[in-house]
Every structure is written in C-alpha cells, then in structure tokens.
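Student: First the structure, which I've put down as structure tokens, then a few questions once you've had a look.
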Amino acid sequence: MMLLTGYLATEGTATILTMFENTNVNLSLFVGGLIAVLIGFVLYLLLKGKKLSGWKVIKDGSLSMMPAIYILILAWMIGSIIELIDTGGYLAKLVEQFALNVNYLSLIFFIIAGFMALATGTSWGGTFGIMLPIAAQIAVVYDVELVLPAMAAVLAGSVFGDHCSPISDTSILSSTGAGANHLDHVITQLPYAFISAFAAGIGYFIFGMTGIILISLISTLVTVIVIVMLVIWQKNISVGKQ
C-alpha cells in the first residue's frame, strides 16, 4: 500500500525512492491493517474442526483492543496538551540561550532530545521536527563539521526517550500486540534502553574530548561489552551462591 499510494501520488516517472517519498503512510497502514484482518478472518472461517463463531471472534478481538485504544487516546490527549503549551519549543529555547561548549555539543543535544522524547512520548513530531533544525543551525554557527554528529545525537536521543516513555504510541501498541501489561513492557525494556543510552553518552563524551569519530565508536562498543560482561559475571555469582 505504501508503494501503491506513493505511485499514485508521484508525478512523472515513478521510482522506488519517489514512491516512498510521496507515499501516504497513514492511509497505507490503515488499508494494510484492514486487509490483514479480513484475510485472517477468512482463513479462520476456512479452518476445519471445532471453533468459535465468527461473531464471538469479532467481539472478543474488539474487546482485547480496547485497553490499547483508550491508552492511546489518553496518550494523544497528553501529547496534544504538551504541544499546545509548546514544551518542546521551550526546551529548544533553553538550548539556544545557554552558552554551549562546542566540544560537547553532540552530548548536550543527545540528553536534551532524550528528555524531550520522554516527556512528549514521541520521537518524530515532538522531537525530530523541533530539534533537528535547531541542532543543525547551532552546529553551523560553531563548526560546520559538527552538523552530522549533532543531528545524529538528536536522532539517537529521541529514539531513546521514545522507548522509555509510557505514553509512547509504539510502546502501547507493542505491549498490546504481545498481550503484555503496558507498564510491565515499558519497565522491562528500560535496562536495554539505558545501557544503550549510557554507552552512546560515553561515545559522545569521548567525541567531545577527542573530536575523532572512530575512537568514539570504539569506546561505545567497549562500554557495551564491559556492561554485558559485568551482568554475566554478576549473574554467575548469584547462581553460584544459590
């Protein structure tokens, strides 16, 4: 559906890139999901043997989605309120007003973007759209070579905050699709998110000290390996005591 809507919206010669560029994502998701549900229902009706009635399947399936629906509605309400009071814009102005150390520009943007995504529950609309232009503008003023690292830091921090936010629509739908408690899902993915964020923060800090991307990347990978080894060591000690 993404390719189809992109093809219909493309003027002139359509390529893979132009189709994805002009695609209607919301419509594609809705139509694709609807087709998947209809195909699944037809396949269920074709099953042989004892099974529940089609009406009961529809009723129970609809009821199972209700928690996700009202959580999403409440999350969107909170997100709308945050957008109306311009929380993201306020945080972005604070970044511009403070005297920034150019060497640690990427680390600062990583932290700010993570906090914004955590507060707004979204990585794209509430953080990407606000912070990317600001990061690029500030980086150009200080040093044009910092544009890519600063924008990468915004992307990384935004994804981290979005994963940790209980009002993130992706986390809500993931927990519902897996049949897990929403808060349990958010809590259990926090260790993975924080390990990645801590390692990334070390990498951005080393980049601020050295200005060398390769050293920063190696330090990030080493940090992850060390943390994993410590976790395994601690687990072995606990098992040995038992």
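Note on naming: chains are A, B, ... as they come in the structure tokens, residues start from 1 per chain, ligands start from 1 in the order shown.
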Pick out the residues sitting within 6 Å of range 145-156 of chain A, and hand them over as a PyMOL selection string; count only C-alpha atoms, and ignore anything fewer than 3 positions along from it in its own chain.

Tutor: chain A and resi 106+109-110+113+132+135-136+139+159

Student: Excluding range 182-199 of chain A and residues on its chain fewer than 2 positions from it, collect all residues at most 8 Å away from it, counting only C-alpha atoms, and give them as a PyMOL selection string.

Tutor: chain A and resi 157+160+163-166+171-172+175-176+180+201-203+219-221+223-224+227

Student: My list of candidates is A:Ile215, A:Val25, A:Ile134, A:Ile58. Which is closest to Leu38 in chain A when distances are computed with only C-alpha atoms?

Tutor: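 Residue with the minimum atom-to-atom distance to Leu38 in chain A: A:Ile58.
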
Student: Between A:Leu34, A:Met131, A:Ile232, A:Leu8, single out the one closest to Asn22 in chain A, counting only C-alpha atoms.

Tutor: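 The shortest atom-to-atom distance to Asn22 in chain A comes from A:Leu8.
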
Student: As an exercise, work out the distance from CA of Ile73 in chain A to CA of Met2 in chain A in Å and give it to one decimal place.

Tutor: 25.3 Å

Student: Point out the residue among A:Phe205, A:Phe30, A:Tyr7, A:Phe115 with the least atom-to-atom distance to Gly161 in chain A, counting only C-alpha atoms.

Tutor: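 Ranking A:Phe205, A:Phe30, A:Tyr7, A:Phe115 by distance to Gly161 in chain A, first place goes to A:Phe115.
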